[in-house]
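*Asks:* target.cif is reproduced in full below (mmCIF, C-alpha atoms and all ligand atoms).
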```cif
data_final
#
loop_
_atom_site.group_PDB
_atom_site.id
_atom_site.type_symbol
_atom_site.label_atom_id
_atom_site.label_comp_id
_atom_site.auth_asym_id
_atom_site.auth_seq_id
_atom_site.Cartn_x
_atom_site.Cartn_y
_atom_site.Cartn_z
ATOM 1 C CA MET S 772 -6.475 -20.690 35.505
ATOM 2 C CA SER S 773 -5.463 -24.295 34.762
ATOM 3 C CA LYS S 774 -2.543 -24.954 32.461
ATOM 4 C CA ALA S 775 -4.827 -26.469 29.833
ATOM 5 C CA ALA S 776 -7.196 -23.522 29.986
ATOM 6 C CA ARG S 777 -4.326 -21.062 29.813
ATOM 7 C CA SER S 778 -2.962 -22.674 26.676
ATOM 8 C CA LYS S 779 -6.475 -22.807 25.209
ATOM 9 C CA ALA S 780 -6.929 -19.104 25.939
ATOM 10 C CA THR S 781 -3.614 -18.117 24.422
ATOM 11 C CA GLN S 782 -3.826 -20.410 21.406
ATOM 12 C CA THR S 783 -7.291 -19.315 20.318
ATOM 13 C CA PRO S 784 -6.671 -17.179 17.236
ATOM 14 C CA VAL S 785 -7.472 -13.592 18.124
ATOM 15 C CA ALA S 786 -6.220 -10.337 16.669
ATOM 16 C CA ALA S 787 -3.292 -8.572 18.327
ATOM 17 C CA SER S 788 -5.556 -6.136 20.164
ATOM 18 C CA ALA S 789 -8.744 -7.174 21.909
ATOM 19 C CA VAL S 790 -10.196 -3.750 21.156
ATOM 20 C CA ASP S 791 -10.927 -4.434 17.489
ATOM 21 C CA LEU S 792 -14.511 -5.440 18.315
ATOM 22 C CA PRO S 793 -17.443 -3.158 19.187
ATOM 23 C CA ILE S 794 -17.684 -4.856 22.591
ATOM 24 C CA ARG S 795 -14.965 -5.010 25.237
ATOM 25 C CA PHE S 796 -14.853 -8.087 27.451
ATOM 26 C CA GLY S 797 -13.623 -8.483 30.997
ATOM 27 C CA THR S 798 -14.427 -9.614 34.526
ATOM 28 C CA VAL S 799 -16.236 -8.291 37.596
ATOM 29 C CA GLY S 800 -13.464 -8.469 40.174
ATOM 30 C CA SER S 801 -9.809 -9.335 39.615
ATOM 31 C CA PRO S 802 -8.999 -12.364 37.452
ATOM 32 C CA THR S 803 -8.269 -15.339 39.712
ATOM 33 C CA VAL S 804 -4.689 -15.529 38.379
ATOM 34 C CA THR S 805 -3.876 -12.000 39.624
ATOM 35 C CA PRO S 806 -0.919 -12.110 42.065
ATOM 36 C CA LYS S 807 -2.388 -11.634 45.565
ATOM 37 C CA SER S 808 -0.141 -8.712 46.488
ATOM 38 C CA GLY S 809 -0.676 -6.797 43.245
ATOM 39 C CA GLY S 810 -4.174 -5.437 43.824
ATOM 40 C CA SER S 811 -6.147 -3.698 41.098
ATOM 41 C CA PRO S 812 -3.132 -2.430 39.074
ATOM 42 C CA ALA S 813 -1.940 -6.054 38.746
ATOM 43 C CA ALA S 814 -5.479 -7.164 37.868
ATOM 44 C CA ILE S 815 -5.510 -4.628 35.026
ATOM 45 C CA ALA S 816 -2.217 -5.969 33.654
ATOM 46 C CA CYS S 817 -3.648 -9.463 33.945
ATOM 47 C CA ILE S 818 -6.758 -8.493 31.958
ATOM 48 C CA ARG S 819 -4.506 -7.272 29.141
ATOM 49 C CA GLU S 820 -2.392 -10.440 29.264
ATOM 50 C CA LEU S 821 -5.566 -12.457 28.803
ATOM 51 C CA ASN S 822 -6.305 -10.322 25.707
ATOM 52 C CA LEU S 823 -9.349 -8.852 27.453
ATOM 53 C CA SER S 824 -9.960 -5.106 27.727
ATOM 54 C CA ALA S 825 -12.404 -4.295 30.548
ATOM 55 C CA LEU S 826 -12.447 -4.680 34.323
ATOM 56 C CA GLU S 827 -15.107 -3.910 36.914
ATOM 57 C CA LEU S 828 -13.537 -3.094 40.272
ATOM 58 C CA ALA S 829 -15.561 -5.064 42.835
ATOM 59 C CA TRP S 830 -15.893 -2.545 45.653
ATOM 60 C CA VAL S 831 -18.890 -4.514 46.857
ATOM 61 C CA GLN S 832 -18.255 -4.399 50.638
ATOM 62 C CA SER S 833 -16.915 -0.869 51.034
ATOM 63 C CA VAL S 834 -15.001 1.859 49.229
ATOM 64 C CA SER S 835 -11.516 2.061 50.682
ATOM 65 C CA ALA S 836 -9.233 3.117 47.788
ATOM 66 C CA GLY S 837 -7.383 6.332 48.649
ATOM 67 C CA ASP S 838 -6.084 8.941 46.200
ATOM 68 C CA GLU S 839 -2.688 7.284 45.759
ATOM 69 C CA LEU S 840 -4.144 3.890 44.871
ATOM 70 C CA CYS S 841 -6.750 5.513 42.581
ATOM 71 C CA ALA S 842 -3.930 7.260 40.688
ATOM 72 C CA ARG S 843 -2.073 3.962 40.257
ATOM 73 C CA ILE S 844 -5.227 2.209 39.037
ATOM 74 C CA ARG S 845 -5.881 4.979 36.518
ATOM 75 C CA ALA S 846 -2.296 4.886 35.234
ATOM 76 C CA ALA S 847 -2.431 1.090 34.809
ATOM 77 C CA ALA S 848 -5.759 1.276 32.963
ATOM 78 C CA GLU S 849 -4.393 3.921 30.578
ATOM 79 C CA ALA S 850 -1.144 2.030 29.984
ATOM 80 C CA HIS S 851 -2.964 -1.222 29.211
ATOM 81 C CA ASP S 852 -6.034 0.303 27.503
ATOM 82 C CA VAL S 853 -8.418 -1.405 29.893
ATOM 83 C CA ALA S 854 -11.855 0.212 30.331
ATOM 84 C CA LEU S 855 -12.824 0.467 34.004
ATOM 85 C CA SER S 856 -16.102 0.415 35.870
ATOM 86 C CA VAL S 857 -16.863 0.074 39.582
ATOM 87 C CA HIS S 858 -19.349 -2.238 41.249
ATOM 88 C CA ALA S 859 -20.535 -0.148 44.204
ATOM 89 C CA PRO S 860 -21.229 -1.704 47.648
ATOM 90 C CA TYR S 861 -24.242 -4.032 47.875
ATOM 91 C CA TYR S 862 -25.795 -2.080 50.750
ATOM 92 C CA ILE S 863 -27.634 0.562 48.760
ATOM 93 C CA ASN S 864 -31.427 0.786 48.594
ATOM 94 C CA LEU S 865 -33.049 3.562 46.562
ATOM 95 C CA ASN S 866 -36.320 2.568 48.225
ATOM 96 C CA ALA S 867 -35.031 2.320 51.828
ATOM 97 C CA GLU S 868 -37.839 2.856 54.360
ATOM 98 C CA SER S 869 -36.010 5.217 56.692
ATOM 99 C CA GLU S 870 -34.173 8.393 55.764
ATOM 100 C CA GLU S 871 -31.120 7.204 57.779
ATOM 101 C CA MET S 872 -30.945 3.960 55.789
ATOM 102 C CA TRP S 873 -31.225 5.841 52.526
ATOM 103 C CA GLN S 874 -28.523 8.321 53.488
ATOM 104 C CA ALA S 875 -26.125 5.510 54.425
ATOM 105 C CA GLY S 876 -26.707 3.867 51.045
ATOM 106 C CA ARG S 877 -26.494 7.173 49.213
ATOM 107 C CA ASP S 878 -23.140 7.936 50.831
ATOM 108 C CA ARG S 879 -21.798 4.534 49.693
ATOM 109 C CA LEU S 880 -22.911 5.213 46.127
ATOM 110 C CA LEU S 881 -21.387 8.711 46.180
ATOM 111 C CA ALA S 882 -18.131 7.350 47.630
ATOM 112 C CA ALA S 883 -17.938 4.669 44.924
ATOM 113 C CA ALA S 884 -18.541 7.280 42.211
ATOM 114 C CA ARG S 885 -16.026 9.807 43.567
ATOM 115 C CA ALA S 886 -13.210 7.295 44.088
ATOM 116 C CA GLY S 887 -14.099 5.408 40.902
ATOM 117 C CA TYR S 888 -13.861 8.605 38.879
ATOM 118 C CA LYS S 889 -10.421 9.317 40.348
ATOM 119 C CA ALA S 890 -9.388 5.769 39.401
ATOM 120 C CA GLY S 891 -10.460 6.327 35.803
ATOM 121 C CA ALA S 892 -13.764 4.420 35.925
ATOM 122 C CA THR S 893 -16.476 5.721 33.631
ATOM 123 C CA ASP S 894 -19.383 3.664 34.956
ATOM 124 C CA ILE S 895 -20.645 2.954 38.476
ATOM 125 C CA VAL S 896 -22.832 -0.147 38.799
ATOM 126 C CA PHE S 897 -25.106 -0.630 41.812
ATOM 127 C CA HIS S 898 -28.028 -2.753 42.984
ATOM 128 C CA PRO S 899 -31.081 -0.485 43.168
ATOM 129 C CA GLY S 900 -32.690 -2.157 46.221
ATOM 130 C CA SER S 901 -35.972 -3.842 47.117
ATOM 131 C CA TYR S 902 -39.682 -3.040 46.921
ATOM 132 C CA MET S 903 -39.916 -3.200 50.766
ATOM 133 C CA LYS S 904 -43.634 -4.156 50.569
ATOM 134 C CA ARG S 905 -44.364 -0.946 48.677
ATOM 135 C CA ASP S 906 -46.250 -1.241 45.424
ATOM 136 C CA PRO S 907 -43.868 -1.038 42.460
ATOM 137 C CA GLN S 908 -45.144 2.355 41.337
ATOM 138 C CA THR S 909 -44.574 4.022 44.724
ATOM 139 C CA ALA S 910 -41.175 2.327 45.031
ATOM 140 C CA ASN S 911 -40.245 3.594 41.575
ATOM 141 C CA THR S 912 -41.269 7.177 42.325
ATOM 142 C CA ILE S 913 -39.143 7.180 45.489
ATOM 143 C CA ALA S 914 -36.214 5.517 43.681
ATOM 144 C CA LEU S 915 -36.321 8.003 40.816
ATOM 145 C CA SER S 916 -36.234 11.069 43.050
ATOM 146 C CA ARG S 917 -33.373 9.687 45.169
ATOM 147 C CA LEU S 918 -31.369 8.648 42.123
ATOM 148 C CA SER S 919 -31.854 12.149 40.659
ATOM 149 C CA GLU S 920 -30.491 13.609 43.880
ATOM 150 C CA VAL S 921 -27.317 11.483 43.587
ATOM 151 C CA ALA S 922 -26.898 12.356 39.901
ATOM 152 C CA ASP S 923 -27.308 16.095 40.693
ATOM 153 C CA THR S 924 -24.730 15.949 43.481
ATOM 154 C CA LEU S 925 -22.180 14.274 41.208
ATOM 155 C CA ARG S 926 -22.868 16.683 38.356
ATOM 156 C CA LYS S 927 -22.236 19.665 40.659
ATOM 157 C CA GLU S 928 -18.966 18.064 41.785
ATOM 158 C CA LYS S 929 -18.008 17.424 38.129
ATOM 159 C CA VAL S 930 -17.721 13.697 38.808
ATOM 160 C CA ALA S 931 -18.451 12.650 35.229
ATOM 161 C CA VAL S 932 -19.602 9.040 35.540
ATOM 162 C CA THR S 933 -22.594 7.101 34.297
ATOM 163 C CA LEU S 934 -24.653 5.600 37.120
ATOM 164 C CA ARG S 935 -25.743 2.084 36.212
ATOM 165 C CA PRO S 936 -28.623 0.545 38.199
ATOM 166 C CA GLU S 937 -28.429 -3.197 37.582
ATOM 167 C CA THR S 938 -31.265 -5.471 36.489
ATOM 168 C CA MET S 939 -31.776 -7.851 39.406
ATOM 169 C CA GLY S 940 -32.363 -11.601 39.558
ATOM 170 C CA LYS S 941 -35.023 -11.833 42.288
ATOM 171 C CA ARG S 942 -38.598 -10.667 41.963
ATOM 172 C CA ALA S 943 -38.601 -8.955 45.383
ATOM 173 C CA MET S 944 -35.888 -6.620 44.140
ATOM 174 C CA LEU S 945 -36.219 -3.348 42.305
ATOM 175 C CA GLY S 946 -34.586 -3.542 38.908
ATOM 176 C CA THR S 947 -36.655 -4.902 36.058
ATOM 177 C CA LEU S 948 -35.347 -4.044 32.627
ATOM 178 C CA GLU S 949 -38.316 -1.670 32.190
ATOM 179 C CA GLU S 950 -37.565 0.145 35.476
ATOM 180 C CA THR S 951 -33.896 0.671 34.662
ATOM 181 C CA ILE S 952 -34.832 1.965 31.200
ATOM 182 C CA GLU S 953 -37.361 4.386 32.687
ATOM 183 C CA TRP S 954 -34.872 5.838 35.220
ATOM 184 C CA SER S 955 -32.402 6.233 32.338
ATOM 185 C CA ARG S 956 -34.985 8.115 30.284
ATOM 186 C CA GLN S 957 -35.551 10.514 33.183
ATOM 187 C CA ILE S 958 -31.947 11.137 34.252
ATOM 188 C CA GLU S 959 -29.220 12.087 31.809
ATOM 189 C CA SER S 960 -26.274 10.437 33.594
ATOM 190 C CA VAL S 961 -28.085 7.123 34.200
ATOM 191 C CA LEU S 962 -28.081 4.023 31.975
ATOM 192 C CA PRO S 963 -28.892 0.393 32.804
ATOM 193 C CA CYS S 964 -26.380 -2.275 33.734
ATOM 194 C CA ILE S 965 -28.152 -5.160 32.053
ATOM 195 C CA ASP S 966 -27.484 -8.494 33.736
ATOM 196 C CA PHE S 967 -29.057 -10.886 31.237
ATOM 197 C CA ALA S 968 -28.521 -13.901 33.536
ATOM 198 C CA HIS S 969 -30.479 -12.064 36.233
ATOM 199 C CA LEU S 970 -33.318 -11.427 33.785
ATOM 200 C CA HIS S 971 -33.373 -15.129 32.920
ATOM 201 C CA ALA S 972 -33.420 -16.053 36.647
ATOM 202 C CA ARG S 973 -35.995 -13.376 37.467
ATOM 203 C CA ALA S 974 -38.451 -14.950 35.042
ATOM 204 C CA GLY S 975 -37.877 -18.117 37.096
ATOM 205 C CA ASP S 976 -39.573 -20.467 34.627
ATOM 206 C CA GLY S 977 -36.777 -21.004 32.126
ATOM 207 C CA THR S 978 -37.905 -18.214 29.829
ATOM 208 C CA PHE S 979 -35.839 -15.178 28.796
ATOM 209 C CA ASN S 980 -33.269 -17.521 27.327
ATOM 210 C CA SER S 981 -33.728 -17.621 23.552
ATOM 211 C CA TYR S 982 -32.431 -15.645 20.591
ATOM 212 C CA ASP S 983 -35.855 -14.057 20.094
ATOM 213 C CA GLU S 984 -36.207 -13.068 23.768
ATOM 214 C CA PHE S 985 -32.705 -11.543 23.798
ATOM 215 C CA VAL S 986 -33.542 -9.613 20.621
ATOM 216 C CA THR S 987 -36.814 -8.374 22.140
ATOM 217 C CA ALA S 988 -34.970 -7.079 25.216
ATOM 218 C CA ILE S 989 -32.344 -5.269 23.131
ATOM 219 C CA ARG S 990 -35.121 -3.722 21.005
ATOM 220 C CA LEU S 991 -36.812 -2.539 24.210
ATOM 221 C CA VAL S 992 -33.600 -0.726 25.169
ATOM 222 C CA ALA S 993 -33.361 0.763 21.664
ATOM 223 C CA ALA S 994 -36.988 1.923 21.789
ATOM 224 C CA GLY S 995 -36.543 3.536 25.216
ATOM 225 C CA LEU S 996 -33.050 4.974 24.965
ATOM 226 C CA GLY S 997 -32.065 5.009 21.298
ATOM 227 C CA GLU S 998 -28.395 4.974 20.331
ATOM 228 C CA ARG S 999 -27.451 5.972 23.861
ATOM 229 C CA GLY S 1000 -28.720 2.631 25.125
ATOM 230 C CA ILE S 1001 -27.378 0.448 22.320
ATOM 231 C CA LYS S 1002 -23.951 1.946 21.673
ATOM 232 C CA GLN S 1003 -22.681 1.976 25.256
ATOM 233 C CA MET S 1004 -24.441 -1.051 26.688
ATOM 234 C CA HIS S 1005 -22.997 -2.303 29.984
ATOM 235 C CA ILE S 1006 -23.686 -6.000 30.409
ATOM 236 C CA HIS S 1007 -23.144 -8.558 33.157
ATOM 237 C CA PHE S 1008 -23.262 -12.158 31.997
ATOM 238 C CA SER S 1009 -22.946 -15.633 33.542
ATOM 239 C CA GLY S 1010 -24.707 -18.949 33.894
ATOM 240 C CA ILE S 1011 -27.214 -18.951 36.726
ATOM 241 C CA ALA S 1012 -29.094 -21.279 39.089
ATOM 242 C CA TYR S 1013 -32.626 -20.214 39.967
ATOM 243 C CA THR S 1014 -35.977 -21.208 41.468
ATOM 244 C CA ASP S 1015 -39.441 -19.847 40.662
ATOM 245 C CA LYS S 1016 -38.567 -16.868 42.923
ATOM 246 C CA GLY S 1017 -35.469 -16.062 40.945
ATOM 247 C CA GLU S 1018 -31.700 -16.159 41.315
ATOM 248 C CA LYS S 1019 -29.862 -18.636 43.568
ATOM 249 C CA HIS S 1020 -26.250 -18.240 42.451
ATOM 250 C CA HIS S 1021 -24.038 -17.789 39.417
ATOM 251 C CA LEU S 1022 -22.737 -20.786 37.449
ATOM 252 C CA ASN S 1023 -20.062 -21.417 34.847
ATOM 253 C CA LEU S 1024 -21.387 -21.147 31.293
ATOM 254 C CA ALA S 1025 -20.766 -24.850 30.659
ATOM 255 C CA ASP S 1026 -22.648 -25.922 33.816
ATOM 256 C CA SER S 1027 -25.769 -23.837 33.167
ATOM 257 C CA ASP S 1028 -28.739 -23.643 30.808
ATOM 258 C CA ILE S 1029 -27.898 -20.116 29.597
ATOM 259 C CA LYS S 1030 -28.029 -19.958 25.789
ATOM 260 C CA PHE S 1031 -24.863 -17.941 25.445
ATOM 261 C CA LYS S 1032 -24.237 -18.545 21.730
ATOM 262 C CA GLU S 1033 -27.710 -17.246 20.918
ATOM 263 C CA PHE S 1034 -27.141 -14.313 23.253
ATOM 264 C CA PHE S 1035 -23.901 -13.206 21.600
ATOM 265 C CA GLN S 1036 -25.426 -13.668 18.160
ATOM 266 C CA ALA S 1037 -28.261 -11.320 19.188
ATOM 267 C CA LEU S 1038 -25.735 -8.683 20.374
ATOM 268 C CA ALA S 1039 -23.821 -8.982 17.101
ATOM 269 C CA ASP S 1040 -26.895 -8.960 14.838
ATOM 270 C CA LEU S 1041 -28.400 -5.867 16.493
ATOM 271 C CA GLY S 1042 -25.169 -3.852 16.407
ATOM 272 C CA VAL S 1043 -24.772 -3.506 20.173
ATOM 273 C CA SER S 1044 -21.510 -1.991 21.406
ATOM 274 C CA GLY S 1045 -20.177 -1.482 24.914
ATOM 275 C CA ARG S 1046 -18.867 -3.902 27.519
ATOM 276 C CA VAL S 1047 -19.584 -7.425 28.729
ATOM 277 C CA LEU S 1048 -18.305 -8.348 32.196
ATOM 278 C CA CYS S 1049 -18.191 -11.993 33.186
ATOM 279 C CA GLU S 1050 -19.409 -13.052 36.638
ATOM 280 C CA THR S 1051 -19.071 -16.849 36.558
ATOM 281 C CA PRO S 1052 -16.891 -18.793 39.048
ATOM 282 C CA ASN S 1053 -14.555 -19.588 36.100
ATOM 283 C CA LEU S 1054 -14.051 -15.854 35.886
ATOM 284 C CA GLU S 1055 -11.435 -15.180 33.228
ATOM 285 C CA GLU S 1056 -11.805 -18.479 31.371
ATOM 286 C CA ASP S 1057 -15.464 -17.743 30.748
ATOM 287 C CA ALA S 1058 -14.703 -14.099 29.868
ATOM 288 C CA VAL S 1059 -12.344 -15.377 27.152
ATOM 289 C CA LEU S 1060 -14.978 -17.917 26.048
ATOM 290 C CA MET S 1061 -17.548 -15.103 25.815
ATOM 291 C CA GLN S 1062 -15.197 -12.965 23.740
ATOM 292 C CA ASN S 1063 -14.390 -15.835 21.380
ATOM 293 C CA THR S 1064 -18.085 -16.711 21.027
ATOM 294 C CA TYR S 1065 -18.928 -13.082 20.263
ATOM 295 C CA ARG S 1066 -16.037 -12.817 17.792
ATOM 296 C CA ARG S 1067 -17.473 -15.686 15.750
ATOM 297 C CA ALA S 1068 -21.011 -14.272 16.009
ATOM 298 C CA TYR S 1069 -19.755 -10.872 14.867
ATOM 299 C CA ALA S 1070 -18.027 -12.415 11.838
ATOM 300 C CA ARG S 1071 -21.274 -14.187 10.912
ATOM 301 C CA ALA S 1072 -23.374 -11.034 11.414
ATOM 302 C CA ALA S 1073 -21.033 -8.942 9.269
ATOM 303 C CA ARG S 1074 -21.375 -11.264 6.300
HETATM 304 ZN ZN ZN Z 1101 -24.224 -6.781 40.680
#
```
What would the structure in this file look like if it were written as structure tokens?
Ligand SMILES: [Zn+2]

*Replies:*
Amino acid sequence: MSKAARSKATQTPVAASAVDLPIRFGTVGSPTVTPKSGGSPAAIACIRELNLSALELAWVQSVSAGDELCARIRAAAEAHDVALSVHAPYYINLNAESEEMWQAGRDRLLAAARAGYKAGATDIVFHPGSYMKRDPQTANTIALSRLSEVADTLRKEKVAVTLRPETMGKRAMLGTLEETIEWSRQIESVLPCIDFAHLHARAGDGTFNSYDEFVTAIRLVAAGLGERGIKQMHIHFSGIAYTDKGEKHHLNLADSDIKFKEFFQALADLGVSGRVLCETPNLEEDAVLMQNTYRRAYARAAR
């Protein structure tokens, strides 16, 4: 974080605790200012110093945290009141063509959930996979039965986490908002991770980027999942570059077309609670900007 940005972040008037709002804000991955040697426990302290209150551990390549590290992460999260989630490895495909490929992905998801739970994470985010030339309905049937299998395994092991299939930014990928809602209707321990930037990129034509479109999406979640969907919403947010096929890469809020003020107003007006995790290159600066934008929106909505 630059000196100017740091002073901007600390001078912005915010209440003593960041947890006085219905939504917690944080980052996917450690804030860039985290001391290199400190690992996740230091990242958690950093989140609190920034007056944020959520962190998603980016275990996106593999799950390597042992019991000792998980215990230290959990202790840090409790001490600093930081809500934890895990981003599971990328290499998971609920619709994998071969049984071997599926089992490899399944084992990564199970490993992320087991270690995440030990570390105090309540939510395990993962990318659901691709259509693999199957028609969406067949792909969805396969995905649903495999996701149920994972949820059953974790339930039997008393690993009490919510599995969060993420809405994806490319049209070849499984993970429309409707699909993630449907899986969540069918399986008790599943809820969407809604990446609104991905949904904007997935449309590919500049749509899904207005107050009304954000409201429509939130109402779709409410219609499908009720309070369960609205009161513990798990959101990824960023600016995004895209083509007509969907996502290219994430961008800083200021460098993108994403209508973030309208987005946070929609969250505030519809009474959404939960977490927003920032995924822009300006990781913690944009997380603080998101929280400040939401704080103003919330004050307006409450009036
Ligand atoms: Zn993701």

*Asks:* Find the residues of chain S that sit at most 7 Å from ligand ZN 1101 (chain Z); for each, write down the nearest two atoms and how far apart they are in Å, to one decimal. Count all atoms listed in the file. Sort by chain, then by number going up, and give it as a tab-separated table.

*Replies:*
```
residue	atom	partner	partner_atom	distance
S:His858	CA	Z:ZN1101	ZN	6.7
S:Phe897	CA	Z:ZN1101	ZN	6.3
S:His898	CA	Z:ZN1101	ZN	6.0
S:Glu937	CA	Z:ZN1101	ZN	6.3
```

*Asks:* Do you have the CA of Met1004 in chain S-CA of Cys964 in chain S distance handy?

*Replies:*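 Computed distance, CA of Met1004 in chain S to CA of Cys964 in chain S, equals 7.4 Å.
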
*Asks:* Would you compute, for all listed atoms of range 812-820 of chain S, the axis-aligned bounding box grown by 4 Å on each side, and then report its centre and edge lengths in Å rounded to one decimal, as AutoDock Vina command-line options?

*Replies:*
```
--center_x -4.3 --center_y -6.4 --center_z 34.1 --size_x 12.8 --size_y 16.0 --size_z 17.9
```

*Asks:* Would you pick out the contacts of range 851-854 of chain S at 10 Å or less, using only C-alpha atoms, so that residues sharing its chain but fewer than 6 positions from it are not included, and give the list as a list of chain:residue names?

*Replies:*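 Contacts, in chain order: S:Ser788, S:Ala789, S:Val790, S:Arg795, S:Phe796, S:Gly797, S:Pro812, S:Ile815, S:Ala816, S:Cys817, S:Ile818, S:Arg819, S:Glu820, S:Leu823, S:Ser824, S:Ala825, S:Leu826, S:Glu827, S:Arg845, S:Gly891, S:Ala892, S:Thr893, S:Asp894, S:Arg1046.
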
*Asks:* Starting from the shown file, work through the PyMOL selection byres (((chain S and resi 932) around 8) and not hetatm) and note down what comes out as a list of chain:residue names.

*Replies:* S:Ala884, S:Tyr888, S:Ala892, S:Thr893, S:Asp894, S:Ile895, S:Val930, S:Ala931, S:Thr933, S:Leu934, S:Ser960

*Asks:* Can you write just those residues out, C-alpha atoms, as a PDB file, in the frame of the given file?

*Replies:*
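again05.pdb, freshly written:
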```
ATOM      1  CA  ALA S 884     -18.541   7.280  42.211  1.00  0.00           C
ATOM      2  CA  TYR S 888     -13.861   8.605  38.879  1.00  0.00           C
ATOM      3  CA  ALA S 892     -13.764   4.420  35.925  1.00  0.00           C
ATOM      4  CA  THR S 893     -16.476   5.721  33.631  1.00  0.00           C
ATOM      5  CA  ASP S 894     -19.383   3.664  34.956  1.00  0.00           C
ATOM      6  CA  ILE S 895     -20.645   2.954  38.476  1.00  0.00           C
ATOM      7  CA  VAL S 930     -17.721  13.697  38.808  1.00  0.00           C
ATOM      8  CA  ALA S 931     -18.451  12.650  35.229  1.00  0.00           C
ATOM      9  CA  THR S 933     -22.594   7.101  34.297  1.00  0.00           C
ATOM     10  CA  LEU S 934     -24.653   5.600  37.120  1.00  0.00           C
ATOM     11  CA  SER S 960     -26.274  10.437  33.594  1.00  0.00           C
TER      12      SER S 960
END
```

*Asks:* I'd like to see the residues matched by the PyMOL selection byres (((chain S and resi 900) around 6) and not hetatm) on this file, and ideally I'd get them as a PyMOL selection string.

*Replies:* chain S and resi 864-865+898-899+901+944-945

*Asks:* How would the residues just picked look written out with C-alpha atoms as an mmCIF file, in the coordinates of the input?

*Replies:*
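File result-v2.cif, as written:
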```cif
data_model
loop_
_atom_site.group_PDB
_atom_site.id
_atom_site.type_symbol
_atom_site.label_atom_id
_atom_site.label_comp_id
_atom_site.auth_asym_id
_atom_site.auth_seq_id
_atom_site.Cartn_x
_atom_site.Cartn_y
_atom_site.Cartn_z
ATOM 1 C CA ASN S 864 -31.427 0.786 48.594
ATOM 2 C CA LEU S 865 -33.049 3.562 46.562
ATOM 3 C CA HIS S 898 -28.028 -2.753 42.984
ATOM 4 C CA PRO S 899 -31.081 -0.485 43.168
ATOM 5 C CA SER S 901 -35.972 -3.842 47.117
ATOM 6 C CA MET S 944 -35.888 -6.620 44.140
ATOM 7 C CA LEU S 945 -36.219 -3.348 42.305
#
```

*Asks:* Extract, using only C-alpha atoms, all DNA, RNA and protein residues at most 10 Å from Glu953 in chain S, discarding same-chain residues fewer than 2 positions from it, and format them as a ChimeraX atom specification.

*Replies:* /S:911,915,947-951,955-958,961-963,992,995-996

*Asks:* For the selection you just gave me, I'd like the residues written to a file as a short mmCIF file (atom, residue, chain, number, x, y, z; two decimals), keeping the file's coordinate frame, keeping C-alpha atoms.

*Replies:*
```cif
data_model
loop_
_atom_site.label_atom_id
_atom_site.label_comp_id
_atom_site.auth_asym_id
_atom_site.auth_seq_id
_atom_site.Cartn_x
_atom_site.Cartn_y
_atom_site.Cartn_z
CA ASN S 911 -40.24 3.59 41.58
CA LEU S 915 -36.32 8.00 40.82
CA THR S 947 -36.66 -4.90 36.06
CA LEU S 948 -35.35 -4.04 32.63
CA GLU S 949 -38.32 -1.67 32.19
CA GLU S 950 -37.56 0.14 35.48
CA THR S 951 -33.90 0.67 34.66
CA SER S 955 -32.40 6.23 32.34
CA ARG S 956 -34.98 8.12 30.28
CA GLN S 957 -35.55 10.51 33.18
CA ILE S 958 -31.95 11.14 34.25
CA VAL S 961 -28.08 7.12 34.20
CA LEU S 962 -28.08 4.02 31.98
CA PRO S 963 -28.89 0.39 32.80
CA VAL S 992 -33.60 -0.73 25.17
CA GLY S 995 -36.54 3.54 25.22
CA LEU S 996 -33.05 4.97 24.96
#
```

*Asks:* What does the structure give for the distance between CA of Leu1048 in chain S and CA of Tyr1013 in chain S, in Å to one decimal?

*Replies:* 20.2 Å

*Asks:* Record the distance separating CA of Pro907 in chain S and CA of Glu984 in chain S, expressed in Å with one decimal.

*Replies:*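 Answer for the CA of Pro907 in chain S to CA of Glu984 in chain S separation: 23.5 Å.
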
*Asks:* Hey, what comes out of the PyMOL selection byres (((chain S and resi 804) around 8) and not hetatm) on this file? Could you write it as a list in words?

*Replies:*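 Listing what the PyMOL selection byres (((chain S and resi 804) around 8) and not hetatm) selects in the shown file: Met772, Pro802, Thr803, Thr805, Pro806 and Cys817 of chain S.
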
*Asks:* Which residues come within 9 Å of Asn1053 in chain S, counting all atoms listed in the file, excluding same-chain residues fewer than 2 positions away, as a PyMOL selection string?

*Replies:* chain S and resi 772+803+1022-1024+1049-1051+1055-1058

*Asks:* I need the residue nearest Glu849 in chain S from this list: S:Ala1012, S:Gln1062, S:Leu1054, S:Ala890. Use only C-alpha atoms for the distance.

*Replies:* S:Ala890

*Asks:* So, counting all atoms listed in the file, which residue among S:Ala842, S:Leu792, S:Val834, S:Ala848 is closest to Ala813 in chain S?

*Replies:* S:Ala848

*Asks:* Please determine, counting all atoms listed in the file, which residue among S:Leu918, S:Ile844, S:Met903, S:Arg942 has the shortest atom-to-atom distance to Gly876 in chain S.

*Replies:*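 Selected residue with least distance to Gly876 in chain S: S:Leu918.
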
*Asks:* Of the candidates S:Ala850, S:Ile989, S:Ala974, S:Ile794, which shows the shortest atom-to-atom distance to Tyr1065 in chain S, using all atoms listed in the file?

*Replies:*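 With all atoms listed in the file as the atom set, the closest residue is S:Ile794.
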
*Asks:* Can you pull out every residue within 7 Å of Tyr982 in chain S, counting all atoms listed in the file, but drop anything in the same chain fewer than 4 positions away, and send it as a PyMOL selection string?

*Replies:* chain S and resi 986+1033-1034+1037

*Asks:* Can you write out the residues you just picked, keeping C-alpha atoms, as a compact mmCIF listing (two decimals), in the frame of the given file?

*Replies:*
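Generated output (part_17.txt):
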```txt
# COMPACT_ATOMS: atom_id res chain seq x y z
CA VAL S 986 -33.54 -9.61 20.62
CA GLU S 1033 -27.71 -17.25 20.92
CA PHE S 1034 -27.14 -14.31 23.25
CA ALA S 1037 -28.26 -11.32 19.19
```

*Asks:* Ile1001 in chain S: which residues within 9 Å, counting only C-alpha atoms, same-chain residues fewer than 6 positions away excluded, as a list in words?

*Replies:*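 Close residues of Ile1001 in chain S: Ile989, Arg990, Val992, Ala993, Leu1041, Gly1042, Val1043, Ser1044 and Gly1045 of chain S.
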